[in-house]
Amino acid sequence: MFSRVFPSRIFSPAVNQAGHIGALAVGVWAIMSGAILFARGEDPNSAPKQGAEVLKTDILAVFAHPDDETGMAATLALYARGRHAVVANIYCTRGEGGGNMVGTQESSALGILREAELRDCLSTLGIRYCYFLDRLDWAYTESVAATLQKWGREETLGRLVRLVRALRPEVMLTMNPAPTPGQHGHHQAAGLLATEAFAAAANPARFPEQLQKEGLTVWQPRKLYFTGKSGGVLCTIKVDGPLPNGETAGQIAAQALANHRSQAFGNFRNAAWLQRPQSFSLIKSVIPLTESEQDLLRGLPVSEDAELKPIALAVPPSEPPLKLAFVPRPALANYRQWVKDQQIEAAAQQFQADLPLVGGRPNDVVLTLANNGESPSSGVLQLALPPGWAAEPVRQSMQVAPHSVASPRFRVTPPPATRNDIEITASFAQDMELCRASAVVHPLPSASVVQVKMAPSLDGTDSGWEHIPSLRITTADLVEGKVDSEADSSAEFRLAHNGQTLFVEVRVKDDVVVTNIAPNDIRGHWRSDSVEICVDPADGAEHTLGCFKLGIFPFDTTGVVRAARDADANQGLVEETAPQVRLHSQRTADGYRIQAALPFDELGLHYPQTKTFGFNLIVYDGDKVGAALGENINKSRIAWAPRPGVQGRPEDWGRLELQ
């Protein structure tokens, strides 16, 4: 055990709106039990704080990873440095699953580095406490269900509730848990857990051992905000005004966030966008509202004998006598049920149902027809589809009993080659239309995989590949970034199998092939030129835990093809996680060529019982000449089944059928 004295920091004495005494001239820093502690001076005429008041906090923010505070960093600096509020941050993970722009540390070692960067950042922001829930940053996913399965939902919530009860915050801030496309599942989980902790911390029936054995008492935070504009009461915070030291909160945030160098934030010192107003949506409150919210601590503190009860932020829309709706993908259906359970329907984000349907084959489309009235309702339900689309049945007659819900089902077949999203509608009518619903349909590509008697070559030649049909990925199949031309980034690939192994050949057009990945840094394939092969044995899974995802660097800095599994349940170097996989790569006149043999045993495919499965092929392009070792140079991503965030969402992958 040792102690370390940090440079003193000067703050002006002040009393914030919540009645807490501001920091005095000399600050002594210590790191204890995972927290950053700033020892504030206290009024010499008053007794030192005791008991629960020792850690009393004004604002508590809950995030998933270090650097997630970026979106509200200027606001946190405004309150911590400008108003001397006590601010605490809680992080679910230490970010050990992220990238690294400054070294080769990964996994737990990367978590150590990112924690150090974070503490430097929070020191600059003036944030007093920092705690971790010690959950694993296991990979990129868009699934909150997979995240909570990995973390353990109840145990993680208990850890967060313990901190809420110990810190006794007036206000909680967190990330919006809505499943918007591209939103990390860990971010969604952080917002979900913070929302549940807001009420659970005040409930003596939740985690009672903390009250019985740990000396804690229940605590009800007064307000909960999500970042950004949701459906709640909006609070806009201006961060471009000068603080006592002459800097703005936005400028302080820029200096602070530049500490996240491993995540390429080093240039944030000049980020002008951090001076813009920051928005928060009030999601829950137990104190009365005013006409406008321009201060997160508005109305606080309240007297000890004040009645704290949930305030209705908005009146939920009344249910119509008949309500027709498309059943959305599981993530959205779960979110809708969760906001209902949390009684925040009026403040939550609204979504139109989104249906991924495979082109050229029948897909189940399910609706709900709710009769909220007192008498039966009968009529005809039918879909309105574009030309070339088919539905079975075309229409169906149905009767719904009072206060009950029917779940009619259609089989919808999009044309094989259609790729553009469309809107479809359903209507329920008797003599006249009674109700209507709409959904966005996202068509997915499909293809057959030919069976061969002899395995095609894996030596860079055409032997065995020349008669196999090819599929194309063009500039129109953009997932992210910018592609200048077919020569800049495009691909042609072939697929075959022999009943035991899936064979994949990819010919990538890339006018600038970059090799900046060292042999001891085979991970994070998105950082450089690479190809990602995605296989989903479940044929439309909600998350990637049961999938096989392989990122392939065509060449490391020694010219050798290398690969690693990523964001599935068995991540790491391919030679360790899928040792039967065989790879070959070579340069071509216009790019590079990869050939792969992927045994069904490694993919989790059971042929011939399983003949149809999810598949995607994603091409990553960098093009930066002179890129530093390990530098993230990702310029664009194209895919056979393109959509933002598609690498973490198997529902939106294409489908293959083994012949």
# chains A, B, ... in the order shown; residues from 1 in each chain; ligands from 1
call {"tool": "select_by_dssp", "arguments": {"residues": "stretch 125-221 of chain A", "states": "strand (DSSP E)", "output": "list in words"}}
result
Tyr129, Cys130, Tyr131, Phe132, Val171, Met172, Leu173 and Thr174 of chain A
call {"tool": "residues_around", "arguments": {"residues": "A:Val400", "least_positions_apart": "5", "cutoff": "8 Å", "atoms": "only C-alpha atoms", "output": "PyMOL selection string"}}
result
chain A and resi 369-371+376-378+405-406
call {"tool": "write_last_selection", "arguments": {"atoms": "C-alpha atoms", "output": "PDB file, in the first residue's frame"}}
result
ATOM      1  CA  LEU A 369     -55.487  -6.549 -33.770  1.00  0.00           C
ATOM      2  CA  ALA A 370     -56.608  -5.360 -30.341  1.00  0.00           C
ATOM      3  CA  ASN A 371     -60.292  -4.888 -29.574  1.00  0.00           C
ATOM      4  CA  PRO A 376     -67.129  -8.093 -30.835  1.00  0.00           C
ATOM      5  CA  SER A 377     -65.618  -6.633 -33.987  1.00  0.00           C
ATOM      6  CA  SER A 378     -65.579  -8.393 -37.335  1.00  0.00           C
ATOM      7  CA  VAL A 405     -56.084  -9.412 -29.085  1.00  0.00           C
ATOM      8  CA  ALA A 406     -55.832 -11.460 -32.282  1.00  0.00           C
TER       9      ALA A 406
END
call {"tool": "residues_around", "arguments": {"residues": "A:Glu480", "least_positions_apart": "5", "cutoff": "10 Å", "atoms": "only C-alpha atoms", "output": "list in words"}}
result
Tyr620, Asn634, Lys635, Ser636, Arg637, Ile638, Ala639, Pro642, Arg643, Pro644 and Gly645 of chain A
call {"tool": "write_last_selection", "arguments": {"atoms": "C-alpha atoms", "output": "mmCIF file, in the first residue's frame"}}
result
data_model
loop_
_atom_site.group_PDB
_atom_site.id
_atom_site.type_symbol
_atom_site.label_atom_id
_atom_site.label_comp_id
_atom_site.auth_asym_id
_atom_site.auth_seq_id
_atom_site.Cartn_x
_atom_site.Cartn_y
_atom_site.Cartn_z
ATOM 1 C CA TYR A 620 -13.600 -2.562 -45.058
ATOM 2 C CA ASN A 634 -11.369 2.889 -41.831
ATOM 3 C CA LYS A 635 -12.817 5.021 -44.638
ATOM 4 C CA SER A 636 -15.740 2.928 -45.834
ATOM 5 C CA ARG A 637 -17.674 -0.290 -45.399
ATOM 6 C CA ILE A 638 -19.678 -2.069 -48.086
ATOM 7 C CA ALA A 639 -21.632 -5.293 -47.663
ATOM 8 C CA PRO A 642 -25.862 -3.343 -46.294
ATOM 9 C CA ARG A 643 -27.339 -1.331 -43.433
ATOM 10 C CA PRO A 644 -25.828 0.838 -40.675
ATOM 11 C CA GLY A 645 -24.624 -1.339 -37.794
#
call {"tool": "closest_residue", "arguments": {"among": "A:Ala429, A:Ile422, A:Leu148, A:Thr475", "to": "A:Arg395", "atoms": "only C-alpha atoms"}}
result
A:Ala429
call {"tool": "residues_around", "arguments": {"residues": "stretch 574-589 of chain A", "least_positions_apart": "5", "cutoff": "8 Å", "atoms": "only C-alpha atoms", "output": "NGL selection string"}}
result
:A and (458-460 or 550 or 554-555 or 560-561 or 563-565 or 594-599 or 602)
call {"tool": "closest_residue", "arguments": {"among": "A:Thr368, A:Phe198, A:Ala347, A:Ala426", "to": "A:Ala384", "atoms": "only C-alpha atoms"}}
result
A:Ala426
call {"tool": "residues_around", "arguments": {"residues": "A:Phe268", "least_positions_apart": "6", "cutoff": "9 Å", "atoms": "only C-alpha atoms", "output": "list in words"}}
result
Ala253, Ala254, Gln255, Ala256, Leu257, Ala258, Asn259 and Leu274 of chain A
call {"tool": "residues_around", "arguments": {"residues": "A:Lys223", "least_positions_apart": "4", "cutoff": "6 Å", "atoms": "only C-alpha atoms", "output": "list in words"}}
result
Val171, Lys284 and Ser285 of chain A
call {"tool": "residues_around", "arguments": {"residues": "A:Val286", "least_positions_apart": "4", "cutoff": "6 Å", "atoms": "only C-alpha atoms", "output": "PyMOL selection string"}}
result
chain A and resi 222+308-311
call {"tool": "atom_distance", "arguments": {"atom1": "atom CA of A:Ser107", "atom2": "atom CA of A:Arg153"}}
result
22.1 Å
call {"tool": "closest_residue", "arguments": {"among": "A:Arg81, A:Gln278, A:Gln263, A:Asn203", "to": "A:Pro244", "atoms": "only C-alpha atoms"}}
result
A:Arg81
call {"tool": "closest_residue", "arguments": {"among": "A:Ile552, A:Met398, A:Leu216, A:Leu322", "to": "A:Glu374", "atoms": "only C-alpha atoms"}}
result
A:Leu322
call {"tool": "select_by_dssp", "arguments": {"residues": "stretch 357-578 of chain A", "states": "helix (DSSP H, G or I)", "output": "VMD selection string"}}
result
chain A and resid 525 to 527 574 to 577
call {"tool": "atom_distance", "arguments": {"atom1": "atom CA of A:Val504", "atom2": "atom CA of A:Leu545"}}
result
22.2 Å
call {"tool": "closest_residue", "arguments": {"among": "A:Ala249, A:Leu192, A:Leu297, A:Leu136", "to": "A:Thr124", "atoms": "only C-alpha atoms"}}
result
A:Ala249
call {"tool": "closest_residue", "arguments": {"among": "A:Ala85, A:Leu656, A:Val164, A:Ala417", "to": "A:Ala496", "atoms": "only C-alpha atoms"}}
result
A:Leu656
